[in-house]
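S.K.: As input, take entry-v1.pdb (PDB, N, CA and C atoms, pLDDT in the B column):
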MODEL        1
ATOM      1  N   MET Z   1      -0.750 -37.602  24.125  1.00 58.00           N
ATOM      2  CA  MET Z   1      -1.275 -36.341  23.656  1.00 58.00           C
ATOM      3  C   MET Z   1      -2.264 -35.787  24.676  1.00 58.00           C
ATOM      4  N   ALA Z   2      -2.362 -34.501  24.710  1.00 62.00           N
ATOM      5  CA  ALA Z   2      -3.293 -33.852  25.629  1.00 62.00           C
ATOM      6  C   ALA Z   2      -4.711 -33.926  25.080  1.00 62.00           C
ATOM      7  N   LYS Z   3      -5.648 -34.044  25.991  1.00 65.00           N
ATOM      8  CA  LYS Z   3      -7.044 -34.085  25.576  1.00 65.00           C
ATOM      9  C   LYS Z   3      -7.577 -32.672  25.420  1.00 65.00           C
ATOM     10  N   LYS Z   4      -8.468 -32.505  24.490  1.00 63.00           N
ATOM     11  CA  LYS Z   4      -9.087 -31.209  24.264  1.00 63.00           C
ATOM     12  C   LYS Z   4     -10.191 -31.007  25.296  1.00 63.00           C
ATOM     13  N   VAL Z   5     -10.190 -29.863  25.945  1.00 62.00           N
ATOM     14  CA  VAL Z   5     -11.190 -29.558  26.960  1.00 62.00           C
ATOM     15  C   VAL Z   5     -12.263 -28.693  26.319  1.00 62.00           C
ATOM     16  N   VAL Z   6     -13.505 -29.110  26.479  1.00 64.00           N
ATOM     17  CA  VAL Z   6     -14.621 -28.364  25.917  1.00 64.00           C
ATOM     18  C   VAL Z   6     -15.501 -27.901  27.067  1.00 64.00           C
ATOM     19  N   ALA Z   7     -15.692 -26.597  27.169  1.00 63.00           N
ATOM     20  CA  ALA Z   7     -16.528 -26.051  28.239  1.00 63.00           C
ATOM     21  C   ALA Z   7     -17.956 -25.920  27.736  1.00 63.00           C
ATOM     22  N   THR Z   8     -18.882 -26.403  28.529  1.00 64.00           N
ATOM     23  CA  THR Z   8     -20.299 -26.257  28.194  1.00 64.00           C
ATOM     24  C   THR Z   8     -21.008 -25.629  29.372  1.00 64.00           C
ATOM     25  N   PHE Z   9     -21.979 -24.822  29.076  1.00 60.00           N
ATOM     26  CA  PHE Z   9     -22.790 -24.184  30.095  1.00 60.00           C
ATOM     27  C   PHE Z   9     -24.193 -24.752  29.989  1.00 60.00           C
ATOM     28  N   SER Z  10     -24.686 -25.287  31.096  1.00 61.00           N
ATOM     29  CA  SER Z  10     -26.033 -25.831  31.074  1.00 61.00           C
ATOM     30  C   SER Z  10     -27.034 -24.715  31.354  1.00 61.00           C
ATOM     31  N   GLY Z  11     -28.236 -24.916  30.903  1.00 60.00           N
ATOM     32  CA  GLY Z  11     -29.286 -23.944  31.162  1.00 60.00           C
ATOM     33  C   GLY Z  11     -29.697 -23.206  29.909  1.00 60.00           C
ATOM     34  N   ASP Z  12     -30.438 -22.174  30.127  1.00 61.00           N
ATOM     35  CA  ASP Z  12     -30.996 -21.372  29.047  1.00 61.00           C
ATOM     36  C   ASP Z  12     -29.881 -20.624  28.317  1.00 61.00           C
ATOM     37  N   LYS Z  13     -29.860 -20.716  27.006  1.00 61.00           N
ATOM     38  CA  LYS Z  13     -28.804 -20.081  26.213  1.00 61.00           C
ATOM     39  C   LYS Z  13     -28.862 -18.562  26.302  1.00 61.00           C
ATOM     40  N   SER Z  14     -30.038 -17.981  26.511  1.00 61.00           N
ATOM     41  CA  SER Z  14     -30.138 -16.524  26.593  1.00 61.00           C
ATOM     42  C   SER Z  14     -29.487 -16.000  27.867  1.00 61.00           C
ATOM     43  N   GLN Z  15     -29.464 -16.808  28.940  1.00 56.00           N
ATOM     44  CA  GLN Z  15     -28.834 -16.375  30.182  1.00 56.00           C
ATOM     45  C   GLN Z  15     -27.319 -16.440  30.107  1.00 56.00           C
ATOM     46  N   THR Z  16     -26.761 -17.327  29.321  1.00 53.00           N
ATOM     47  CA  THR Z  16     -25.305 -17.457  29.254  1.00 53.00           C
ATOM     48  C   THR Z  16     -24.661 -16.262  28.570  1.00 53.00           C
ATOM     49  N   LYS Z  17     -25.415 -15.504  27.818  1.00 76.00           N
ATOM     50  CA  LYS Z  17     -24.866 -14.328  27.166  1.00 76.00           C
ATOM     51  C   LYS Z  17     -24.744 -13.156  28.137  1.00 76.00           C
ATOM     52  N   ASN Z  18     -25.332 -13.275  29.325  1.00 87.00           N
ATOM     53  CA  ASN Z  18     -25.318 -12.184  30.291  1.00 87.00           C
ATOM     54  C   ASN Z  18     -24.280 -12.372  31.391  1.00 87.00           C
ATOM     55  N   VAL Z  19     -23.454 -13.404  31.276  1.00 88.00           N
ATOM     56  CA  VAL Z  19     -22.444 -13.662  32.302  1.00 88.00           C
ATOM     57  C   VAL Z  19     -21.080 -13.868  31.655  1.00 88.00           C
ATOM     58  N   VAL Z  20     -20.043 -13.601  32.432  1.00 88.00           N
ATOM     59  CA  VAL Z  20     -18.675 -13.841  31.996  1.00 88.00           C
ATOM     60  C   VAL Z  20     -17.970 -14.637  33.085  1.00 88.00           C
ATOM     61  N   LYS Z  21     -16.965 -15.405  32.703  1.00 90.00           N
ATOM     62  CA  LYS Z  21     -16.192 -16.169  33.671  1.00 90.00           C
ATOM     63  C   LYS Z  21     -14.995 -15.331  34.079  1.00 90.00           C
ATOM     64  N   CYS Z  22     -14.915 -15.024  35.375  1.00 89.00           N
ATOM     65  CA  CYS Z  22     -13.811 -14.227  35.904  1.00 89.00           C
ATOM     66  C   CYS Z  22     -12.913 -15.118  36.753  1.00 89.00           C
ATOM     67  N   ILE Z  23     -11.626 -14.932  36.608  1.00 89.00           N
ATOM     68  CA  ILE Z  23     -10.637 -15.683  37.371  1.00 89.00           C
ATOM     69  C   ILE Z  23      -9.708 -14.672  38.038  1.00 89.00           C
ATOM     70  N   ARG Z  24      -9.529 -14.839  39.351  1.00 88.00           N
ATOM     71  CA  ARG Z  24      -8.619 -13.933  40.054  1.00 88.00           C
ATOM     72  C   ARG Z  24      -7.658 -14.745  40.902  1.00 88.00           C
ATOM     73  N   MET Z  25      -6.449 -14.239  41.057  1.00 89.00           N
ATOM     74  CA  MET Z  25      -5.431 -14.897  41.853  1.00 89.00           C
ATOM     75  C   MET Z  25      -5.451 -14.293  43.253  1.00 89.00           C
ATOM     76  N   VAL Z  26      -5.521 -15.158  44.273  1.00 89.00           N
ATOM     77  CA  VAL Z  26      -5.643 -14.725  45.663  1.00 89.00           C
ATOM     78  C   VAL Z  26      -4.507 -15.340  46.475  1.00 89.00           C
ATOM     79  N   LYS Z  27      -3.934 -14.560  47.368  1.00 91.00           N
ATOM     80  CA  LYS Z  27      -2.871 -15.063  48.231  1.00 91.00           C
ATOM     81  C   LYS Z  27      -3.481 -15.624  49.507  1.00 91.00           C
ATOM     82  N   SER Z  28      -3.094 -16.831  49.864  1.00 90.00           N
ATOM     83  CA  SER Z  28      -3.602 -17.499  51.058  1.00 90.00           C
ATOM     84  C   SER Z  28      -3.016 -16.858  52.304  1.00 90.00           C
ATOM     85  N   GLN Z  29      -3.865 -16.586  53.292  1.00 91.00           N
ATOM     86  CA  GLN Z  29      -3.407 -16.015  54.557  1.00 91.00           C
ATOM     87  C   GLN Z  29      -2.580 -17.027  55.348  1.00 91.00           C
ATOM     88  N   LYS Z  30      -2.959 -18.290  55.243  1.00 92.00           N
ATOM     89  CA  LYS Z  30      -2.334 -19.348  56.038  1.00 92.00           C
ATOM     90  C   LYS Z  30      -0.929 -19.696  55.551  1.00 92.00           C
ATOM     91  N   THR Z  31      -0.822 -20.019  54.261  1.00 93.00           N
ATOM     92  CA  THR Z  31       0.443 -20.540  53.747  1.00 93.00           C
ATOM     93  C   THR Z  31       1.249 -19.528  52.943  1.00 93.00           C
ATOM     94  N   GLY Z  32       0.600 -18.467  52.483  1.00 93.00           N
ATOM     95  CA  GLY Z  32       1.298 -17.477  51.669  1.00 93.00           C
ATOM     96  C   GLY Z  32       1.351 -17.842  50.198  1.00 93.00           C
ATOM     97  N   SER Z  33       0.805 -19.010  49.856  1.00 95.00           N
ATOM     98  CA  SER Z  33       0.791 -19.413  48.449  1.00 95.00           C
ATOM     99  C   SER Z  33      -0.417 -18.793  47.751  1.00 95.00           C
ATOM    100  N   TYR Z  34      -0.405 -18.830  46.446  1.00 94.00           N
ATOM    101  CA  TYR Z  34      -1.483 -18.259  45.659  1.00 94.00           C
ATOM    102  C   TYR Z  34      -2.413 -19.352  45.148  1.00 94.00           C
ATOM    103  N   TYR Z  35      -3.689 -19.022  45.018  1.00 92.00           N
ATOM    104  CA  TYR Z  35      -4.671 -19.923  44.415  1.00 92.00           C
ATOM    105  C   TYR Z  35      -5.609 -19.090  43.554  1.00 92.00           C
ATOM    106  N   PHE Z  36      -6.378 -19.757  42.727  1.00 91.00           N
ATOM    107  CA  PHE Z  36      -7.255 -19.077  41.793  1.00 91.00           C
ATOM    108  C   PHE Z  36      -8.708 -19.249  42.197  1.00 91.00           C
ATOM    109  N   GLU Z  37      -9.475 -18.154  42.135  1.00 88.00           N
ATOM    110  CA  GLU Z  37     -10.916 -18.188  42.347  1.00 88.00           C
ATOM    111  C   GLU Z  37     -11.577 -17.954  40.995  1.00 88.00           C
ATOM    112  N   GLU Z  38     -12.527 -18.808  40.656  1.00 90.00           N
ATOM    113  CA  GLU Z  38     -13.261 -18.685  39.400  1.00 90.00           C
ATOM    114  C   GLU Z  38     -14.734 -18.530  39.724  1.00 90.00           C
ATOM    115  N   GLU Z  39     -15.409 -17.684  38.962  1.00 89.00           N
ATOM    116  CA  GLU Z  39     -16.832 -17.482  39.191  1.00 89.00           C
ATOM    117  C   GLU Z  39     -17.487 -16.949  37.919  1.00 89.00           C
ATOM    118  N   MET Z  40     -18.734 -17.366  37.699  1.00 90.00           N
ATOM    119  CA  MET Z  40     -19.534 -16.818  36.613  1.00 90.00           C
ATOM    120  C   MET Z  40     -20.197 -15.555  37.162  1.00 90.00           C
ATOM    121  N   VAL Z  41     -19.870 -14.401  36.588  1.00 87.00           N
ATOM    122  CA  VAL Z  41     -20.302 -13.112  37.109  1.00 87.00           C
ATOM    123  C   VAL Z  41     -21.166 -12.411  36.058  1.00 87.00           C
ATOM    124  N   PRO Z  42     -22.275 -11.780  36.489  1.00 88.00           N
ATOM    125  CA  PRO Z  42     -23.087 -11.019  35.527  1.00 88.00           C
ATOM    126  C   PRO Z  42     -22.274  -9.885  34.906  1.00 88.00           C
ATOM    127  N   ILE Z  43     -22.566  -9.589  33.652  1.00 88.00           N
ATOM    128  CA  ILE Z  43     -21.878  -8.502  32.961  1.00 88.00           C
ATOM    129  C   ILE Z  43     -22.164  -7.206  33.716  1.00 88.00           C
ATOM    130  N   GLY Z  44     -21.132  -6.436  33.972  1.00 87.00           N
ATOM    131  CA  GLY Z  44     -21.251  -5.197  34.718  1.00 87.00           C
ATOM    132  C   GLY Z  44     -20.776  -5.330  36.160  1.00 87.00           C
ATOM    133  N   LYS Z  45     -20.624  -6.548  36.654  1.00 85.00           N
ATOM    134  CA  LYS Z  45     -20.180  -6.787  38.028  1.00 85.00           C
ATOM    135  C   LYS Z  45     -18.752  -7.315  38.079  1.00 85.00           C
ATOM    136  N   GLU Z  46     -18.045  -7.293  36.945  1.00 83.00           N
ATOM    137  CA  GLU Z  46     -16.695  -7.854  36.887  1.00 83.00           C
ATOM    138  C   GLU Z  46     -15.737  -7.099  37.791  1.00 83.00           C
ATOM    139  N   LYS Z  47     -15.832  -5.780  37.806  1.00 85.00           N
ATOM    140  CA  LYS Z  47     -14.903  -4.981  38.602  1.00 85.00           C
ATOM    141  C   LYS Z  47     -15.077  -5.251  40.089  1.00 85.00           C
ATOM    142  N   ASP Z  48     -16.320  -5.476  40.525  1.00 85.00           N
ATOM    143  CA  ASP Z  48     -16.563  -5.808  41.933  1.00 85.00           C
ATOM    144  C   ASP Z  48     -15.917  -7.140  42.289  1.00 85.00           C
ATOM    145  N   PHE Z  49     -16.036  -8.124  41.407  1.00 82.00           N
ATOM    146  CA  PHE Z  49     -15.429  -9.427  41.658  1.00 82.00           C
ATOM    147  C   PHE Z  49     -13.912  -9.318  41.727  1.00 82.00           C
ATOM    148  N   LEU Z  50     -13.320  -8.615  40.779  1.00 81.00           N
ATOM    149  CA  LEU Z  50     -11.873  -8.499  40.732  1.00 81.00           C
ATOM    150  C   LEU Z  50     -11.328  -7.664  41.880  1.00 81.00           C
ATOM    151  N   ALA Z  51     -12.149  -6.751  42.423  1.00 84.00           N
ATOM    152  CA  ALA Z  51     -11.735  -5.952  43.572  1.00 84.00           C
ATOM    153  C   ALA Z  51     -11.839  -6.730  44.868  1.00 84.00           C
ATOM    154  N   GLY Z  52     -12.477  -7.906  44.840  1.00 78.00           N
ATOM    155  CA  GLY Z  52     -12.565  -8.750  46.019  1.00 78.00           C
ATOM    156  C   GLY Z  52     -13.833  -8.546  46.819  1.00 78.00           C
ATOM    157  N   LYS Z  53     -14.783  -7.771  46.292  1.00 69.00           N
ATOM    158  CA  LYS Z  53     -16.029  -7.524  47.003  1.00 69.00           C
ATOM    159  C   LYS Z  53     -16.933  -8.733  46.893  1.00 69.00           C
ATOM    160  N   LYS Z  54     -17.586  -9.072  47.982  1.00 63.00           N
ATOM    161  CA  LYS Z  54     -18.530 -10.187  47.995  1.00 63.00           C
ATOM    162  C   LYS Z  54     -19.918  -9.661  47.666  1.00 63.00           C
ATOM    163  N   ASN Z  55     -20.796 -10.581  47.195  1.00 54.00           N
ATOM    164  CA  ASN Z  55     -22.162 -10.189  46.800  1.00 54.00           C
ATOM    165  C   ASN Z  55     -22.903  -9.615  47.946  1.00 54.00           C
TER     166      ASN Z  55
ENDMDL
END
Could the structure of this file be written out as structure tokens, please?

M.R.:
Amino acid sequence: MAKKVVATFSGDKSQTKNVVKCIRMVKSQKTGSYYFEEEMVPIGKEKDFLAGKKN
């Protein structure tokens, strides 16, 4: 049977309400295969992350 995965965020609980987990699929320049980038992004900055802009 598969194990249940439980995600926990460490730190102050009030700060976790101000971020979202964004996942984007990126194509590798070297091999042409795809991989996933995951990041905890502040609310309001999701579109910048998904557009590929760096901080």

S.K.: List as a list in words the protein and nucleic acid residues near Ala51 of chain Z, meaning an atom at most 12 Å away when only C-alpha atoms are counted, but skip any in the same chain fewer than 5 places from it.

M.R.: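 Final neighbour list, sorted by chain and number: Cys22, Ile23, Arg24, Met25, Val26, Lys45 and Glu46 of chain Z.
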
S.K.: Any idea what the distance is between atom N of Ile43 of chain Z and atom CA of Lys27 of chain Z?

M.R.: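 Here the two named atoms are 25.1 Å from each other.
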
S.K.: How many Å lie between atom C of Gly52 of chain Z and atom CA of Lys17 of chain Z, rounded to one decimal?

M.R.: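 About the pair atom C of Gly52 of chain Z and atom CA of Lys17 of chain Z: they are 23.3 Å apart.
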
S.K.: Which neighbours of Val20 of chain Z fall inside 8 Å, counting only N, CA and C atoms, when residues of the same chain fewer than 5 positions from it are skipped, and could you give them as a PyMOL selection string?

M.R.: chain Z and resi 39-44+46

S.K.: In Å, rounded to a single decimal, give me how far atom N of Lys21 of chain Z is from atom CA of Phe49 of chain Z.

M.R.: 10.9 Å

S.K.: Taking all atoms of segment 19-35 of chain Z that the file lists and extending 4 Å past them on each side, where is the centre of the axis-aligned box and how long are its edges? Answer in Å to one decimal, as lines of an AutoDock Vina configuration file.

M.R.:
center_x = -11.1
center_y = -17.0
center_z = 43.7
size_x = 32.8
size_y = 15.1
size_z = 32.8

S.K.: Determine which residues of segment 23-55 of chain Z receive a DSSP assignment of helix (DSSP H, G or I), computed from the backbone, and state them as a list in words.

M.R.: Glu46, Lys47, Asp48, Phe49, Leu50 and Ala51 of chain Z
